[in-house]
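**Q** Data: my_file08.csv, CSV, C-alpha atoms.
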```csv
chain,number,residue,atom,x,y,z
A,24,MET,CA,-5.1,-0.3,-7.7
A,25,LEU,CA,-2.4,2.2,-7.1
A,26,GLN,CA,0.0,1.0,-4.4
A,27,VAL,CA,1.3,3.7,-2.0
A,28,LEU,CA,4.3,3.4,0.3
A,29,THR,CA,4.1,6.2,2.9
A,30,ALA,CA,6.9,7.3,5.1
A,31,THR,CA,4.8,8.2,8.2
A,32,GLU,CA,1.8,6.6,9.8
A,33,LYS,CA,-1.4,8.6,9.7
A,34,GLN,CA,-2.6,9.4,13.2
A,35,PRO,CA,-6.3,10.1,13.9
A,36,VAL,CA,-7.1,13.4,15.7
A,37,LYS,CA,-8.7,12.9,19.1
A,38,GLN,CA,-11.0,15.5,20.6
A,39,GLN,CA,-12.3,15.8,24.1
A,40,THR,CA,-15.9,16.8,24.6
A,41,ARG,CA,-17.4,17.6,27.9
A,42,LYS,CA,-20.7,16.0,28.8
A,43,LEU,CA,-22.8,16.7,31.8
A,44,PHE,CA,-20.9,14.5,34.3
A,45,ARG,CA,-17.9,13.2,32.3
A,46,THR,CA,-15.4,14.0,29.7
A,47,LYS,CA,-15.6,11.9,26.5
A,48,GLU,CA,-12.8,11.4,24.0
A,49,GLU,CA,-13.9,11.1,20.4
A,50,VAL,CA,-11.8,10.1,17.5
A,51,MET,CA,-12.1,12.5,14.6
A,52,LYS,CA,-11.2,11.9,11.0
A,53,ALA,CA,-7.5,12.5,10.3
A,54,PRO,CA,-6.6,15.6,8.4
A,55,THR,CA,-6.0,15.2,4.7
A,56,SER,CA,-2.4,15.3,3.7
A,57,TYR,CA,-0.6,16.0,0.4
A,58,THR,CA,-0.3,12.3,-0.1
A,59,ASP,CA,-4.1,11.9,0.1
A,60,ARG,CA,-4.6,14.8,-2.3
A,61,LEU,CA,-2.1,13.4,-4.8
A,62,VAL,CA,-3.6,9.9,-4.7
A,63,GLU,CA,-7.1,11.4,-5.1
A,64,ASN,CA,-6.0,13.1,-8.3
A,65,ILE,CA,-4.1,10.2,-9.9
A,66,ARG,CA,-6.0,7.1,-8.8
A,67,HIS,CA,-8.1,6.9,-11.9
A,68,THR,CA,-5.2,7.3,-14.3
A,69,CYS,CA,-2.7,5.2,-12.4
A,70,ARG,CA,-4.2,1.7,-12.0
A,71,PHE,CA,-2.9,-1.6,-10.6
A,72,ASP,CA,0.6,-1.5,-12.2
A,73,TRP,CA,1.7,1.8,-10.6
A,74,MET,CA,3.4,2.4,-7.3
A,75,MET,CA,3.9,5.7,-5.4
A,76,ILE,CA,6.7,6.0,-2.9
A,77,GLU,CA,6.9,8.9,-0.4
A,78,GLN,CA,10.1,10.5,0.8
A,79,VAL,CA,12.8,8.9,-1.4
A,80,GLU,CA,16.4,9.9,-0.9
A,81,PHE,CA,18.7,9.9,-4.0
A,82,GLY,CA,22.2,10.9,-2.8
A,83,GLU,CA,21.8,14.2,-1.0
A,84,ASP,CA,18.4,15.0,-2.6
A,85,LEU,CA,15.1,14.2,-1.0
A,86,VAL,CA,12.2,13.6,-3.5
A,87,HIS,CA,8.8,14.0,-1.9
A,88,TYR,CA,7.0,11.6,-4.1
A,89,VAL,CA,8.1,9.1,-6.8
A,90,LEU,CA,5.5,7.5,-9.1
A,91,VAL,CA,6.7,4.4,-10.9
A,92,GLY,CA,4.6,2.8,-13.7
A,93,PRO,CA,4.7,1.6,-17.3
A,94,LYS,CA,4.9,5.2,-18.6
A,95,GLY,CA,8.1,5.9,-16.6
A,96,VAL,CA,9.2,7.4,-13.4
A,97,PHE,CA,7.6,10.7,-12.2
A,98,LEU,CA,9.4,12.8,-9.5
A,99,ILE,CA,7.1,15.2,-7.6
A,100,GLN,CA,8.8,17.9,-5.6
A,101,LEU,CA,6.8,20.2,-3.3
A,102,ASN,CA,7.6,23.8,-2.4
A,103,ARG,CA,5.6,24.8,0.6
A,104,THR,CA,6.0,28.6,0.2
A,105,PRO,CA,2.8,30.2,1.4
A,106,ALA,CA,3.6,33.6,-0.1
A,107,PRO,CA,2.9,34.6,-3.8
A,108,VAL,CA,5.6,33.2,-6.2
A,109,HIS,CA,6.7,34.6,-9.6
A,110,LEU,CA,8.7,32.0,-11.5
A,111,THR,CA,10.5,32.4,-14.8
A,112,ASN,CA,13.3,30.4,-16.4
A,113,ARG,CA,15.9,32.8,-15.1
A,114,GLU,CA,14.7,33.8,-11.7
A,115,CYS,CA,12.3,32.9,-8.9
A,116,ARG,CA,10.9,35.5,-6.6
A,117,THR,CA,8.6,35.4,-3.6
A,118,GLU,CA,6.8,38.3,-2.0
A,119,THR,CA,7.6,39.2,1.5
A,120,SER,CA,6.7,42.2,3.7
A,121,MET,CA,9.8,44.0,2.6
A,122,GLY,CA,9.1,43.4,-1.2
A,123,TRP,CA,10.1,40.7,-3.6
A,124,LYS,CA,12.9,38.4,-2.6
A,125,HIS,CA,14.9,36.2,-5.0
A,126,ILE,CA,15.2,32.5,-4.2
A,127,TYR,CA,18.6,30.9,-4.7
A,128,PRO,CA,19.2,28.3,-5.9
A,129,HIS,CA,16.5,28.4,-8.6
A,130,PRO,CA,13.9,25.6,-7.9
A,131,VAL,CA,13.6,24.6,-11.6
A,132,THR,CA,17.4,24.4,-11.9
A,133,GLU,CA,17.6,22.2,-8.8
A,134,LEU,CA,14.7,20.0,-10.2
A,135,GLU,CA,16.5,19.5,-13.5
A,136,ARG,CA,19.8,18.6,-11.8
A,137,MET,CA,17.9,16.1,-9.5
A,138,THR,CA,16.1,14.6,-12.6
A,139,LYS,CA,19.4,14.1,-14.4
A,140,GLN,CA,20.9,12.5,-11.3
A,141,VAL,CA,18.0,10.1,-10.9
A,142,ARG,CA,18.2,9.2,-14.7
A,143,THR,CA,21.9,8.3,-14.4
A,144,ARG,CA,21.3,6.3,-11.2
A,145,LEU,CA,18.4,4.3,-12.7
A,146,LYS,CA,20.3,3.7,-16.0
A,147,LYS,CA,23.2,2.4,-14.0
A,148,GLU,CA,20.9,0.2,-11.8
A,149,CYS,CA,18.7,-1.2,-14.6
A,150,GLY,CA,21.1,-1.3,-17.5
A,151,GLN,CA,18.9,0.8,-19.8
A,152,ALA,CA,17.5,4.3,-20.1
A,153,ILE,CA,14.4,4.9,-18.0
A,154,PRO,CA,12.1,7.9,-18.8
A,155,VAL,CA,12.1,10.2,-15.9
A,156,TYR,CA,9.7,13.2,-15.6
A,157,SER,CA,9.7,15.8,-12.9
A,158,PHE,CA,7.2,18.2,-11.3
A,159,LEU,CA,7.5,21.2,-9.1
A,160,ILE,CA,4.2,21.8,-7.1
A,161,PHE,CA,3.4,24.8,-5.0
A,162,PRO,CA,0.4,23.6,-3.0
A,163,GLU,CA,0.3,26.3,-0.3
A,164,THR,CA,1.1,29.4,-2.4
A,165,GLU,CA,-1.5,32.2,-2.5
A,166,GLN,CA,-0.7,33.1,-6.1
A,167,LEU,CA,1.6,31.4,-8.6
A,168,LYS,CA,2.7,33.3,-11.7
A,169,LEU,CA,4.6,31.3,-14.3
A,170,LYS,CA,6.4,33.0,-17.3
A,171,ARG,CA,8.2,31.0,-19.9
A,172,VAL,CA,9.0,28.0,-17.6
A,173,LYS,CA,10.0,24.8,-19.4
A,174,ALA,CA,9.5,22.6,-16.4
A,175,ASN,CA,6.2,21.1,-15.2
A,176,CYS,CA,5.2,23.6,-12.5
A,177,GLY,CA,1.8,24.2,-11.0
A,178,ASP,CA,-0.1,24.9,-7.8
A,179,SER,CA,-2.1,21.7,-7.6
A,180,PHE,CA,-1.7,18.0,-8.2
A,181,THR,CA,-4.0,18.0,-11.2
A,182,LEU,CA,-1.0,18.9,-13.3
A,183,VAL,CA,0.5,15.5,-12.5
A,184,ASN,CA,-2.6,13.7,-13.7
A,185,GLN,CA,-2.7,15.8,-16.9
A,186,VAL,CA,0.9,15.0,-17.9
A,187,ILE,CA,0.5,11.2,-17.1
A,188,SER,CA,-2.6,11.1,-19.2
A,189,LYS,CA,-0.9,12.8,-22.1
A,190,THR,CA,2.1,10.5,-22.0
A,191,ASN,CA,1.3,7.8,-24.6
A,192,LEU,CA,4.3,5.6,-24.5
A,193,GLU,CA,4.4,2.6,-22.2
A,194,THR,CA,8.0,1.8,-22.4
A,195,LEU,CA,8.6,0.0,-19.1
A,196,THR,CA,7.8,-3.7,-18.8
A,197,GLU,CA,6.4,-5.1,-15.5
A,198,PRO,CA,9.7,-6.6,-14.3
A,199,LEU,CA,11.4,-3.3,-14.9
A,200,VAL,CA,8.7,-1.4,-13.1
A,201,LYS,CA,9.1,-3.7,-10.1
A,202,GLN,CA,12.9,-3.3,-10.2
A,203,VAL,CA,12.7,0.5,-10.2
A,204,ALA,CA,10.0,0.5,-7.5
A,205,TYR,CA,12.2,-1.8,-5.3
A,206,TYR,CA,15.2,0.4,-5.9
A,207,CYS,CA,13.2,3.5,-4.8
A,208,SER,CA,11.6,1.8,-1.8
A,209,GLU,CA,15.1,0.8,-0.5
A,210,ARG,CA,15.9,4.5,-0.5
A,211,GLN,CA,12.7,5.6,1.3
A,212,VAL,CA,13.3,7.7,4.4
A,213,HIS,CA,11.0,6.8,7.3
A,214,LYS,CA,10.2,9.5,9.9
```
Produce structure tokens that represent the structure in this file.

**A**
Amino acid sequence: MLQVLTATEKQPVKQQTRKLFRTKEEVMKAPTSYTDRLVENIRHTCRFDWMMIEQVEFGEDLVHYVLVGPKGVFLIQLNRTPAPVHLTNRECRTETSMGWKHIYPHPVTELERMTKQVRTRLKKECGQAIPVYSFLIFPETEQLKLKRVKANCGDSFTLVNQVISKTNLETLTEPLVKQVAYYCSERQVHK
């Protein structure tokens, strides 16, 4: 079973209903979060030897989700832009009421820089090269247009499941997976 270390406690939503002579407070189901949606997509692919850590800080960078398993380390970065996004290797634009606005720094460039930084930190910590893959997910965008983008970008978490399924090599041993997971869990930021 996939192990998940969350940074925040999930609080149920309470709703007050008025009856004839009294007010009754009912506990409703908590709203689904991005963590729930991601786990739902990857739980069949990532079995017992995988761990997902939420809100991990590497230096000055905050990674939203880190998946650690025998196939490597997967960094998942979220961009919560609700407006339409047009992404190429050279530029990233978002639509506003005043027209298209360029986004600086480029999210893919930042993702590549962060991936290299995590690779060097893990190599220094573990004494060997660890395969690190990264994703940029736009879960709230109305429309995502990708042109000639080399990075793993998408608007849903199914992309993560597809890439993990296609990765054939299982290069990390169980003690190494545990060492990397422990290293990441030490850097988890709790809200």

**Q** To one decimal place in Å, what is the distance between CA of Val91 in chain A and CA of Val200 in chain A?

**A**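 The value is 6.5 Å.
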
**Q** Please indicate the distance in Å from CA of Ile126 in chain A to CA of Gln211 in chain A, rounded to one decimal place.

**A**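 So the answer is 27.6 Å.
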
**Q** Can you work out the spacing between CA of Val212 in chain A and CA of Ser157 in chain A in Å, to one decimal?

**A**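 Taking CA of Val212 in chain A and CA of Ser157 in chain A, their separation equals 19.4 Å.
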
**Q** May I ask which of the residues A:Val183, A:Lys147, A:Arg171, A:Leu159 is the closest one to Cys69 in chain A, counting only C-alpha atoms?

**A**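 The answer is A:Val183, which sits nearest to Cys69 in chain A.
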
**Q** Set the distance at 8 Å and use all atoms listed in the file: which residues neighbour Leu167 in chain A once local chain neighbours fewer than 6 positions away are removed? I'd like the list as a count of residues only.

**A** 7

**Q** Which neighbours of Val131 in chain A fall inside 12 Å, counting only C-alpha atoms, when residues of the same chain fewer than 2 positions from it are skipped, and could you give them as a PyMOL selection string?

**A** chain A and resi 100-102+110-115+126-129+133-138+157-160+169+171-177

**Q** Neighbours of Leu195 in chain A within 9 Å (only C-alpha atoms; same-chain residues fewer than 6 positions away dropped), as JSON, numbers by chain?

**A** {"A": [92, 93, 94, 95, 153, 154]}

**Q** Which residue is closest to Thr68 in chain A? Choose from A:Thr104, A:Thr196, A:Gln202, A:Gln185 and count only C-alpha atoms.

**A**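 The closest residue to Thr68 in chain A is A:Gln185.
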
**Q** Missing atoms in range 179-198 of chain A: can you complete it with N, CA and C atoms, as a short mmCIF file (atom, residue, chain, number, x, y, z; two decimals), in the coordinates of the input?

**A**
```cif
data_model
loop_
_atom_site.label_atom_id
_atom_site.label_comp_id
_atom_site.auth_asym_id
_atom_site.auth_seq_id
_atom_site.Cartn_x
_atom_site.Cartn_y
_atom_site.Cartn_z
N SER A 179 -1.30 22.84 -8.11
CA SER A 179 -2.10 21.70 -7.60
C SER A 179 -1.67 20.43 -8.28
N PHE A 180 -2.15 19.33 -7.74
CA PHE A 180 -1.70 18.00 -8.20
C PHE A 180 -2.43 17.58 -9.48
N THR A 181 -3.37 18.37 -9.98
CA THR A 181 -4.00 18.00 -11.20
C THR A 181 -3.05 18.05 -12.40
N LEU A 182 -2.00 18.84 -12.29
CA LEU A 182 -1.00 18.90 -13.30
C LEU A 182 -0.32 17.51 -13.52
N VAL A 183 -0.09 16.79 -12.44
CA VAL A 183 0.50 15.50 -12.50
C VAL A 183 -0.38 14.53 -13.31
N ASN A 184 -1.67 14.55 -13.01
CA ASN A 184 -2.60 13.70 -13.70
C ASN A 184 -2.69 14.04 -15.21
N GLN A 185 -2.65 15.33 -15.54
CA GLN A 185 -2.70 15.80 -16.90
C GLN A 185 -1.50 15.27 -17.72
N VAL A 186 -0.30 15.38 -17.15
CA VAL A 186 0.90 15.00 -17.90
C VAL A 186 0.95 13.44 -18.00
N ILE A 187 0.55 12.71 -16.97
CA ILE A 187 0.50 11.20 -17.10
C ILE A 187 -0.47 10.81 -18.13
N SER A 188 -1.62 11.47 -18.20
CA SER A 188 -2.60 11.10 -19.20
C SER A 188 -2.14 11.39 -20.61
N LYS A 189 -1.38 12.46 -20.81
CA LYS A 189 -0.90 12.80 -22.10
C LYS A 189 0.28 11.94 -22.60
N THR A 190 1.00 11.32 -21.66
CA THR A 190 2.10 10.50 -22.00
C THR A 190 1.59 9.18 -22.61
N ASN A 191 1.85 8.97 -23.89
CA ASN A 191 1.30 7.80 -24.60
C ASN A 191 2.13 6.58 -24.53
N LEU A 192 3.43 6.73 -24.47
CA LEU A 192 4.30 5.60 -24.50
C LEU A 192 4.30 4.79 -23.21
N GLU A 193 4.20 3.50 -23.32
CA GLU A 193 4.40 2.60 -22.20
C GLU A 193 5.62 1.80 -22.43
N THR A 194 6.76 2.38 -22.03
CA THR A 194 8.00 1.80 -22.40
C THR A 194 8.58 0.79 -21.38
N LEU A 195 8.08 0.83 -20.17
CA LEU A 195 8.60 0.00 -19.10
C LEU A 195 7.81 -1.32 -19.01
N THR A 196 8.51 -2.44 -18.97
CA THR A 196 7.80 -3.70 -18.80
C THR A 196 7.58 -3.92 -17.27
N GLU A 197 6.74 -4.89 -16.94
CA GLU A 197 6.40 -5.10 -15.50
C GLU A 197 7.60 -5.47 -14.67
N PRO A 198 8.51 -6.35 -15.12
CA PRO A 198 9.70 -6.60 -14.30
C PRO A 198 10.56 -5.38 -14.05
#
```
